[in-house]
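Novice: Below is the file target22.txt, which contains compact mmCIF, C-alpha atoms.
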```
# COMPACT_ATOMS: atom_id res chain seq x y z
CA MET A 137 -7.08 20.17 -13.88
CA SER A 138 -4.05 21.32 -11.91
CA THR A 139 -0.52 20.18 -12.65
CA LEU A 140 -0.32 18.77 -9.12
CA ASP A 141 -3.49 16.75 -9.72
CA ASP A 142 -2.00 15.34 -12.92
CA LYS A 143 1.16 14.41 -11.05
CA TYR A 144 -0.68 12.65 -8.23
CA VAL A 145 -3.08 10.81 -10.55
CA GLU A 146 -0.10 9.48 -12.49
CA VAL A 147 1.68 8.41 -9.30
CA LEU A 148 -1.41 6.48 -8.20
CA VAL A 149 -2.50 4.95 -11.51
CA ALA A 150 0.83 4.15 -13.19
CA PRO A 151 1.38 0.92 -11.20
CA ILE A 152 -2.20 -0.24 -11.86
CA ARG A 153 -1.61 -0.02 -15.61
CA ARG A 154 0.84 -2.87 -15.27
CA SER A 155 -2.08 -5.17 -14.47
CA ARG A 156 -3.59 -4.67 -17.93
CA GLY A 157 -1.14 -7.10 -19.49
CA TYR A 158 -1.61 -9.85 -16.91
CA ARG A 159 -1.95 -13.37 -18.34
CA PRO A 160 -2.09 -16.58 -16.28
CA ALA A 161 0.91 -18.91 -16.54
CA PHE A 162 -0.93 -22.15 -15.67
CA GLY A 163 2.08 -23.57 -13.90
CA GLN A 164 4.44 -22.96 -16.81
CA GLY A 165 7.37 -21.48 -14.93
CA ASP A 166 9.22 -20.51 -18.09
CA ALA A 167 6.30 -18.42 -19.36
CA GLU A 168 7.29 -15.08 -17.81
CA ASP A 169 4.55 -13.16 -19.57
CA GLY A 170 1.90 -15.82 -19.08
CA LEU A 171 0.11 -17.78 -21.77
CA SER A 172 -2.10 -16.48 -24.55
CA VAL A 173 -5.50 -18.10 -24.96
CA THR A 174 -4.14 -20.07 -27.93
CA GLN A 175 -1.20 -21.36 -25.90
CA PHE A 176 -3.59 -22.23 -23.07
CA GLN A 177 -5.83 -24.23 -25.40
CA THR A 178 -2.81 -26.09 -26.73
CA LEU A 179 -1.71 -26.89 -23.17
CA TYR A 180 -5.09 -27.93 -21.77
CA GLY A 181 -6.36 -29.32 -25.05
CA GLY A 182 -3.40 -31.68 -25.03
CA ASP A 183 -4.31 -32.94 -21.57
CA PRO A 184 -6.68 -35.91 -21.98
CA LEU A 185 -8.67 -35.32 -18.79
CA TYR A 186 -9.02 -31.57 -19.17
CA SER A 187 -9.94 -31.95 -22.82
CA TRP A 188 -12.56 -34.62 -22.07
CA VAL A 189 -14.29 -32.57 -19.37
CA GLY A 190 -14.13 -29.25 -21.21
CA LEU A 191 -11.54 -27.42 -19.14
CA ASP A 192 -9.75 -26.32 -22.31
CA SER A 193 -12.56 -23.80 -22.86
CA GLU A 194 -11.85 -20.10 -23.32
CA LEU A 195 -14.13 -19.57 -20.33
CA VAL A 196 -11.61 -21.29 -18.08
CA TYR A 197 -8.85 -19.07 -19.43
CA ALA A 198 -10.97 -15.96 -18.88
CA ALA A 199 -11.77 -17.04 -15.31
CA HIS A 200 -8.09 -17.56 -14.48
CA ARG A 201 -7.17 -14.26 -16.07
CA ALA A 202 -9.86 -12.42 -14.13
CA ALA A 203 -8.89 -14.04 -10.81
CA GLY A 204 -5.17 -13.39 -11.17
CA GLY A 205 -5.77 -10.02 -12.76
CA ILE A 206 -7.86 -8.62 -9.92
CA THR A 207 -5.22 -9.81 -7.45
CA SER A 208 -2.69 -7.88 -9.51
CA VAL A 209 -4.92 -4.79 -9.51
CA TYR A 210 -5.17 -4.82 -5.71
CA ARG A 211 -1.42 -5.30 -5.40
CA GLN A 212 -0.61 -2.48 -7.80
CA LEU A 213 -3.19 -0.20 -6.14
CA GLY A 214 -1.28 -0.77 -2.91
CA ILE A 215 1.94 0.30 -4.62
CA GLY A 216 0.17 3.36 -6.02
CA CYS A 217 -1.16 4.35 -2.59
CA GLU A 218 2.28 3.90 -1.07
CA ARG A 219 3.89 6.13 -3.70
CA LEU A 220 1.14 8.73 -3.49
CA PHE A 221 1.45 8.98 0.30
CA ARG A 222 5.23 9.31 0.15
CA THR A 223 5.03 11.91 -2.63
CA ILE A 224 2.57 14.02 -0.63
CA VAL A 225 4.85 13.76 2.41
CA GLN A 226 7.76 15.01 0.31
CA ASP A 227 5.83 17.83 -1.36
CA GLN A 228 3.98 19.10 1.71
CA LEU A 229 6.84 18.86 4.19
CA GLY A 230 9.69 19.82 1.87
CA LEU A 231 11.51 16.50 2.22
CA ASN A 232 13.72 14.79 -0.33
CA SER A 233 13.59 11.10 -1.21
CA THR A 234 16.36 10.20 1.23
CA GLN A 235 14.64 11.97 4.11
CA SER A 236 11.23 10.44 3.35
CA ASN A 237 12.47 6.85 3.10
CA TRP A 238 13.45 4.54 5.94
CA SER A 239 15.13 1.16 5.98
CA TYR A 240 17.10 -1.13 8.26
CA LYS A 241 19.25 -4.20 7.84
CA VAL A 242 18.84 -7.62 9.39
CA VAL A 243 21.20 -10.57 9.29
CA GLY A 244 19.65 -13.85 8.18
CA THR A 245 20.42 -17.35 9.40
CA GLY A 246 23.03 -17.80 6.69
CA GLY A 247 24.87 -14.66 7.72
CA ASN A 248 23.64 -12.64 4.74
CA SER A 249 22.26 -9.18 5.41
CA GLN A 250 18.88 -8.08 4.10
CA THR A 251 17.56 -4.55 3.80
CA LEU A 252 13.93 -4.04 4.84
CA ARG A 253 12.06 -0.85 4.01
CA LEU A 254 8.96 0.95 5.15
CA ASP A 255 7.05 3.27 2.87
CA ALA A 256 7.57 6.74 4.36
CA ARG A 257 9.36 8.59 7.12
CA ILE A 258 8.72 11.91 8.83
CA GLU A 259 11.61 12.94 11.06
CA THR A 260 11.04 16.16 12.95
CA ASP A 261 14.65 17.32 12.63
CA HIS A 262 14.22 17.28 8.83
CA LEU A 263 11.33 19.76 8.98
CA THR A 264 12.53 23.29 8.31
CA ASP A 265 9.07 24.89 8.24
CA GLU A 266 8.05 25.78 11.79
CA ASP A 267 4.31 25.29 11.25
CA SER A 268 4.84 21.85 9.69
CA ARG A 269 7.10 20.79 12.52
CA ALA A 270 4.61 22.02 15.11
CA ARG A 271 1.77 20.05 13.47
CA VAL A 272 3.83 16.87 13.30
CA GLU A 273 5.09 17.15 16.88
CA ASP A 274 1.58 17.84 18.15
CA TRP A 275 0.23 14.81 16.27
CA LEU A 276 3.01 12.58 17.60
CA ALA A 277 2.28 13.68 21.18
CA ARG A 278 -1.48 13.15 20.82
CA THR A 279 -1.03 9.77 19.12
CA TRP A 280 1.31 8.58 21.85
CA SER A 281 -1.13 9.70 24.52
CA ASN A 282 -3.97 7.95 22.68
CA LEU A 283 -1.95 4.72 22.72
CA GLY A 284 -1.50 5.05 26.47
CA GLY A 285 2.25 5.53 26.25
CA GLN A 286 4.40 7.01 29.01
CA ASP A 287 5.76 10.47 28.25
CA ASP A 288 9.35 9.52 28.97
CA ALA A 289 9.15 6.60 26.52
CA ARG A 290 7.76 8.53 23.54
CA PRO A 291 9.81 8.07 20.32
CA SER A 292 11.98 11.14 19.89
CA LYS A 293 12.70 11.28 16.15
CA GLY A 294 9.33 11.08 14.41
CA ALA A 295 7.28 8.41 12.64
CA VAL A 296 7.69 5.79 9.94
CA PHE A 297 4.76 4.51 7.90
CA GLU A 298 3.71 1.25 6.30
CA VAL A 299 1.10 2.19 3.68
CA ARG A 300 -1.55 -0.21 2.36
CA GLN A 301 -4.58 0.05 0.10
CA GLY A 302 -6.41 -2.36 2.41
CA TYR A 303 -5.68 -4.96 5.07
CA LYS A 304 -8.39 -7.62 5.10
CA SER A 305 -6.07 -10.59 5.50
CA ALA A 306 -5.30 -11.92 8.96
CA ASP A 307 -2.14 -13.62 7.70
CA SER A 308 0.08 -14.22 10.72
CA LYS A 309 3.30 -14.04 8.68
CA ARG A 310 2.46 -10.52 7.50
CA GLN A 311 1.44 -9.45 11.00
CA ASN A 312 4.63 -10.77 12.54
CA ALA A 313 6.69 -8.96 9.91
CA ASP A 314 4.88 -5.70 10.70
CA LEU A 315 5.48 -6.17 14.41
CA ARG A 316 9.18 -6.85 13.80
CA ASN A 317 9.31 -3.62 11.79
CA ALA A 318 7.69 -1.87 14.75
CA VAL A 319 10.35 -3.15 17.13
CA GLN A 320 13.10 -1.84 14.84
CA ALA A 321 11.34 1.50 14.44
CA TYR A 322 11.05 1.99 18.20
CA ALA A 323 14.68 0.97 18.65
CA GLN A 324 15.67 3.77 16.27
CA GLY A 325 13.42 6.38 17.84
CA TYR A 326 10.44 6.30 15.47
CA LEU A 327 6.74 5.68 16.02
CA PRO A 328 5.61 2.90 13.62
CA VAL A 329 2.30 3.70 11.90
CA ILE A 330 0.06 1.67 9.59
CA ALA A 331 -1.78 3.93 7.11
CA VAL A 332 -4.54 2.25 5.10
CA PHE A 333 -6.27 4.09 2.23
CA SER A 334 -9.50 2.06 2.22
CA GLN A 335 -11.86 0.99 5.00
CA GLN A 336 -11.16 -2.68 4.29
CA VAL A 337 -9.21 -3.49 7.44
CA SER A 338 -9.40 -6.54 9.67
CA GLN A 339 -10.47 -5.24 13.06
CA THR A 340 -8.75 -8.19 14.73
CA VAL A 341 -5.45 -7.19 13.16
CA ALA A 342 -5.99 -3.50 13.91
CA LYS A 343 -6.64 -4.24 17.59
CA ARG A 344 -3.52 -6.40 17.80
CA TYR A 345 -1.38 -3.65 16.29
CA ARG A 346 -2.77 -0.96 18.56
CA ALA A 347 -2.23 -3.23 21.56
CA ASN A 348 1.42 -3.41 20.46
CA MET A 349 1.69 0.40 20.34
CA MET A 350 1.32 0.64 16.56
CA PRO A 351 -1.41 3.11 15.55
CA VAL A 352 -3.59 2.21 12.57
CA LEU A 353 -5.05 4.91 10.33
CA VAL A 354 -7.97 3.90 8.10
CA GLY A 355 -9.36 5.44 4.91
CA GLN A 356 -12.53 6.87 6.41
CA LEU A 357 -14.10 10.27 5.83
CA ASP A 358 -15.14 10.76 9.44
CA GLY A 359 -12.97 10.46 12.52
CA ASP A 360 -9.90 12.56 13.24
CA ASP A 361 -6.21 12.58 12.42
CA LEU A 362 -5.58 9.86 15.02
CA THR A 363 -7.83 7.36 13.25
CA SER A 364 -8.30 8.47 9.62
CA THR A 365 -5.62 8.39 6.93
CA PHE A 366 -7.46 11.13 5.04
CA GLN A 367 -7.72 13.37 8.10
CA PHE A 368 -4.04 12.80 8.86
CA VAL A 369 -3.07 13.93 5.37
CA SER A 370 -5.42 16.91 5.62
CA GLU A 371 -4.57 18.09 9.14
CA VAL A 372 -0.94 17.06 9.60
CA LEU A 373 0.36 17.21 6.02
CA SER A 374 -1.98 20.10 5.15
CA TYR A 375 -3.19 18.57 1.87
CA ASP A 376 -6.88 17.99 1.08
CA ILE A 377 -6.62 14.45 -0.29
CA VAL A 378 -10.39 13.88 -0.21
CA SER A 379 -10.94 16.79 -2.60
CA PHE A 380 -8.16 15.41 -4.80
CA PHE A 381 -9.94 12.08 -5.13
CA GLU A 382 -13.32 13.74 -5.66
CA ARG A 383 -11.94 15.98 -8.43
CA ASN A 384 -10.24 13.11 -10.21
CA ALA A 385 -12.55 10.16 -9.49
CA VAL A 386 -14.00 10.02 -13.02
CA ARG A 387 -10.65 9.91 -14.82
CA ILE A 388 -9.23 7.37 -12.35
CA ARG A 389 -12.34 5.18 -12.48
CA ASN A 390 -12.48 5.25 -16.27
CA GLU A 391 -8.92 4.00 -16.59
CA VAL A 392 -9.30 1.31 -13.93
CA VAL A 393 -12.60 0.08 -15.42
CA GLU A 394 -10.93 -0.19 -18.84
CA ILE A 395 -8.21 -2.33 -17.26
CA LEU A 396 -10.81 -4.53 -15.56
CA GLU A 397 -12.68 -4.99 -18.85
CA THR A 398 -9.45 -6.12 -20.48
CA LEU A 399 -8.80 -8.61 -17.69
CA LEU A 400 -12.31 -10.05 -17.99
CA SER A 401 -11.78 -10.94 -21.63
CA ALA A 402 -10.10 -14.06 -22.98
CA GLU A 403 -8.05 -12.12 -25.51
```
Could I get this structure in the form of structure tokens?
Specialist:
Amino acid sequence: MSTLDDKYVEVLVAPIRRSRGYRPAFGQGDAEDGLSVTQFQTLYGGDPLYSWVGLDSELVYAAHRAAGGITSVYRQLGIGCERLFRTIVQDQLGLNSTQSNWSYKVVGTGGNSQTLRLDARIETDHLTDEDSRARVEDWLARTWSNLGGQDDARPSKGAVFEVRQGYKSADSKRQNADLRNAVQAYAQGYLPVIAVFSQQVSQTVAKRYRANMMPVLVGQLDGDDLTSTFQFVSEVLSYDIVSFFERNAVRIRNEVVEILETLLSAE
């Protein structure tokens, strides 16, 4: 296995490992690390109703741990995908961490400023390799045309990316936050892009984003670099991410399955 493969597997999987130690807190705000099964049985066993009806069972603990644990796995997978995408951007385009990150500040109602960040940035002026710059500029032009944008209104600096493992939720708060990010990106000369690593995307949300001039890339094997995250990485970043996943699927799966087995136990 190549050193680069080892690096990228670690970038992807390291956050997911954090889910292994998940334990439900059962409303105990002071239990930062969650409750053990013994602590749970003391808590629920001391509750008359729950004790009478059998909710102090280890099965209840295991169910809570599994439910919260899988939520944690999805969340950490999202973090892993975000870091993997940004790392590939840096490695393939010769960018440093400052160049590949993007943030902006907003002032809240109380007058306090808050820094909001997206997951990756590609600014054409940062690209010193002529071929890389040509690929990025060509993709930006084709993406803008695909959105139906006017040539004289095309963002001049490059693109910024919000990276997700999936986007099945139609949560309006999350959508509105993404659209606010898009407004800020356009104001600063960047095309805002949603890049999803899986195919689990709400089509309603995707249509809304595209209607608001925010392209959505999805983790599909077919399609082109205007619609597929994998094709974008392959064609624009010049890295075969599909082959990376195929080469390393067994080692990644084995570790994730071991984490899932831990989360499905009561211990």
Novice: Env of Ser364 (chain A): 12 Å cut, atoms = all atoms listed in the file, seq-sep filter 2 positions within chain, self excluded. Answer as an MDAnalysis selection string.
Specialist: chainID A and resid 329:335 351:362 366:372 377:378
Novice: Just want the 12 Å neighbourhood of region 271-287 of chain A, counted on all atoms listed in the file, with same-chain residues fewer than 4 positions away dropped. Output as a PyMOL selection string.
Specialist: chain A and resi 225+228-229+257-267+291-296+326-329+343+345-353+360-363+367-374
Novice: Calculate how many Å separate CA of Tyr303 (chain A) from CA of Ser401 (chain A), rounding to one decimal.
Specialist: 28.0 Å
Novice: Using only the atoms of region 317-335 of chain A listed in the file, plus 3 Å on each side, state the axis-aligned box centre and edge lengths in Å rounded to one decimal, as AutoDock Vina command-line options.
Specialist:
```
--center_x 1.9 --center_y 1.4 --center_z 10.4 --size_x 33.5 --size_y 16.0 --size_z 22.4
```
Novice: Taking into account only C-alpha atoms, which residue in the set A:Tyr375, A:Phe380, A:Val341, A:Tyr180 is nearest to Gln226 (chain A)?
Specialist: A:Tyr375
Novice: Taking into account all atoms listed in the file, which residue in the set A:Thr223, A:Gln320, A:Ser208, A:Ser187 is nearest to Glu146 (chain A)?
Specialist: A:Thr223
Novice: Distance CA of Leu315 (chain A)-CA of Ser236 (chain A), one decimal place?
Specialist: 20.8 Å
Novice: Nearest residue to Gly204 (chain A) out of A:Gly170, A:Gly246, A:Gly325, A:Gly302, using only C-alpha atoms?
Specialist: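 Among the listed residues, A:Gly170 lies closest to Gly204 (chain A).
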Novice: Using CA of Gly163 (chain A) and CA of Glu403 (chain A) as the two end points, give the distance in Å to one decimal.
Specialist: 19.2 Å
Novice: Please determine, counting all atoms listed in the file, which residue among A:Leu140, A:Leu220, A:Ala306, A:Ala198 has the shortest atom-to-atom distance to Val173 (chain A).
Specialist: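 The shortest atom-to-atom distance to Val173 (chain A) comes from A:Ala198.
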Novice: I need the residue nearest Asp255 (chain A) from this list: A:Val299, A:Leu400, A:Ala199, A:Leu213. Use only C-alpha atoms for the distance.
Specialist: A:Val299
Novice: What's around region 216-219 of chain A at 8 Å? Count only C-alpha atoms, leave out sequence neighbours fewer than 4 positions away in its own chain, and write the answer as a list in words.
Specialist: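 Surrounding residues, per the criterion: Val147, Leu148, Val149, Ala150, Pro151, Ile152, Gln212, Thr223, Asp255, Glu298, Val299, Arg300, Gln301 and Phe333 of chain A.
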Novice: Have a look at A:Gly244, A:Tyr144, A:Arg201, A:Arg156 and name the one nearest to Ser172 (chain A); count only C-alpha atoms.
Specialist: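 Closest to Ser172 (chain A) of all the choices is A:Arg201.
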Novice: Write out N, CA and C atoms for region 269-304 of chain A, as an mmCIF file, in the frame of the given file.
Specialist:
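The resulting file, out_29.cif, is shown below:
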```cif
data_model
loop_
_atom_site.group_PDB
_atom_site.id
_atom_site.type_symbol
_atom_site.label_atom_id
_atom_site.label_comp_id
_atom_site.auth_asym_id
_atom_site.auth_seq_id
_atom_site.Cartn_x
_atom_site.Cartn_y
_atom_site.Cartn_z
ATOM 1 N N ARG A 269 6.499 21.510 11.392
ATOM 2 C CA ARG A 269 7.100 20.790 12.520
ATOM 3 C C ARG A 269 6.170 20.801 13.729
ATOM 4 N N ALA A 270 5.524 21.922 13.968
ATOM 5 C CA ALA A 270 4.610 22.020 15.110
ATOM 6 C C ALA A 270 3.431 21.059 14.938
ATOM 7 N N ARG A 271 2.895 20.964 13.714
ATOM 8 C CA ARG A 271 1.770 20.050 13.470
ATOM 9 C C ARG A 271 2.182 18.605 13.686
ATOM 10 N N VAL A 272 3.357 18.242 13.170
ATOM 11 C CA VAL A 272 3.830 16.870 13.300
ATOM 12 C C VAL A 272 4.102 16.533 14.764
ATOM 13 N N GLU A 273 4.779 17.417 15.473
ATOM 14 C CA GLU A 273 5.090 17.150 16.880
ATOM 15 C C GLU A 273 3.825 17.054 17.716
ATOM 16 N N ASP A 274 2.851 17.897 17.418
ATOM 17 C CA ASP A 274 1.580 17.840 18.150
ATOM 18 C C ASP A 274 0.870 16.508 17.875
ATOM 19 N N TRP A 275 0.878 16.082 16.609
ATOM 20 C CA TRP A 275 0.230 14.810 16.270
ATOM 21 C C TRP A 275 0.941 13.637 16.937
ATOM 22 N N LEU A 276 2.254 13.646 16.947
ATOM 23 C CA LEU A 276 3.010 12.580 17.600
ATOM 24 C C LEU A 276 2.667 12.502 19.091
ATOM 25 N N ALA A 277 2.586 13.650 19.741
ATOM 26 C CA ALA A 277 2.280 13.680 21.180
ATOM 27 C C ALA A 277 0.865 13.157 21.438
ATOM 28 N N ARG A 278 -0.103 13.584 20.624
ATOM 29 C CA ARG A 278 -1.480 13.150 20.820
ATOM 30 C C ARG A 278 -1.651 11.661 20.503
ATOM 31 N N THR A 279 -0.957 11.194 19.468
ATOM 32 C CA THR A 279 -1.030 9.770 19.120
ATOM 33 C C THR A 279 -0.452 8.912 20.225
ATOM 34 N N TRP A 280 0.670 9.333 20.769
ATOM 35 C CA TRP A 280 1.310 8.580 21.850
ATOM 36 C C TRP A 280 0.421 8.532 23.080
ATOM 37 N N SER A 281 -0.201 9.658 23.389
ATOM 38 C CA SER A 281 -1.130 9.700 24.520
ATOM 39 C C SER A 281 -2.334 8.799 24.272
ATOM 40 N N ASN A 282 -2.822 8.791 23.033
ATOM 41 C CA ASN A 282 -3.970 7.950 22.680
ATOM 42 C C ASN A 282 -3.652 6.466 22.803
ATOM 43 N N LEU A 283 -2.387 6.109 22.570
ATOM 44 C CA LEU A 283 -1.950 4.720 22.720
ATOM 45 C C LEU A 283 -1.749 4.332 24.177
ATOM 46 N N GLY A 284 -1.732 5.322 25.058
ATOM 47 C CA GLY A 284 -1.500 5.050 26.470
ATOM 48 C C GLY A 284 -0.038 4.985 26.832
ATOM 49 N N GLY A 285 0.818 5.582 25.996
ATOM 50 C CA GLY A 285 2.250 5.530 26.250
ATOM 51 C C GLY A 285 2.703 6.486 27.334
ATOM 52 N N GLN A 286 3.806 6.143 27.990
ATOM 53 C CA GLN A 286 4.400 7.010 29.010
ATOM 54 C C GLN A 286 5.196 8.122 28.331
ATOM 55 N N ASP A 287 5.101 9.320 28.866
ATOM 56 C CA ASP A 287 5.760 10.470 28.250
ATOM 57 C C ASP A 287 7.254 10.265 28.061
ATOM 58 N N ASP A 288 7.902 9.661 29.053
ATOM 59 C CA ASP A 288 9.350 9.520 28.970
ATOM 60 C C ASP A 288 9.784 8.420 28.000
ATOM 61 N N ALA A 289 8.818 7.672 27.464
ATOM 62 C CA ALA A 289 9.150 6.600 26.520
ATOM 63 C C ALA A 289 8.746 6.951 25.086
ATOM 64 N N ARG A 290 8.243 8.158 24.870
ATOM 65 C CA ARG A 290 7.760 8.530 23.540
ATOM 66 C C ARG A 290 8.918 8.598 22.548
ATOM 67 N N PRO A 291 8.757 8.009 21.340
ATOM 68 C CA PRO A 291 9.810 8.070 20.320
ATOM 69 C C PRO A 291 10.197 9.519 20.037
ATOM 70 N N SER A 292 11.482 9.767 19.942
ATOM 71 C CA SER A 292 11.980 11.140 19.890
ATOM 72 C C SER A 292 12.186 11.686 18.481
ATOM 73 N N LYS A 293 12.316 10.803 17.485
ATOM 74 C CA LYS A 293 12.700 11.280 16.150
ATOM 75 C C LYS A 293 11.519 11.634 15.251
ATOM 76 N N GLY A 294 10.436 10.858 15.321
ATOM 77 C CA GLY A 294 9.330 11.080 14.410
ATOM 78 C C GLY A 294 8.545 9.807 14.189
ATOM 79 N N ALA A 295 8.104 9.586 12.950
ATOM 80 C CA ALA A 295 7.280 8.410 12.640
ATOM 81 C C ALA A 295 7.699 7.804 11.315
ATOM 82 N N VAL A 296 7.507 6.490 11.210
ATOM 83 C CA VAL A 296 7.690 5.790 9.940
ATOM 84 C C VAL A 296 6.368 5.086 9.621
ATOM 85 N N PHE A 297 6.070 4.954 8.333
ATOM 86 C CA PHE A 297 4.760 4.510 7.900
ATOM 87 C C PHE A 297 4.834 3.306 6.970
ATOM 88 N N GLU A 298 3.971 2.342 7.230
ATOM 89 C CA GLU A 298 3.710 1.250 6.300
ATOM 90 C C GLU A 298 2.348 1.556 5.683
ATOM 91 N N VAL A 299 2.314 1.735 4.366
ATOM 92 C CA VAL A 299 1.100 2.190 3.680
ATOM 93 C C VAL A 299 0.485 1.030 2.908
ATOM 94 N N ARG A 300 -0.820 0.866 3.048
ATOM 95 C CA ARG A 300 -1.550 -0.210 2.360
ATOM 96 C C ARG A 300 -2.801 0.360 1.707
ATOM 97 N N GLN A 301 -3.276 -0.332 0.661
ATOM 98 C CA GLN A 301 -4.580 0.050 0.100
ATOM 99 C C GLN A 301 -5.703 -0.547 0.938
ATOM 100 N N GLY A 302 -5.450 -1.678 1.556
ATOM 101 C CA GLY A 302 -6.410 -2.360 2.410
ATOM 102 C C GLY A 302 -5.671 -3.408 3.219
ATOM 103 N N TYR A 303 -6.329 -3.939 4.245
ATOM 104 C CA TYR A 303 -5.680 -4.960 5.070
ATOM 105 C C TYR A 303 -6.748 -5.903 5.605
ATOM 106 N N LYS A 304 -7.322 -6.707 4.708
ATOM 107 C CA LYS A 304 -8.390 -7.620 5.100
ATOM 108 C C LYS A 304 -7.857 -8.963 5.579
#
```
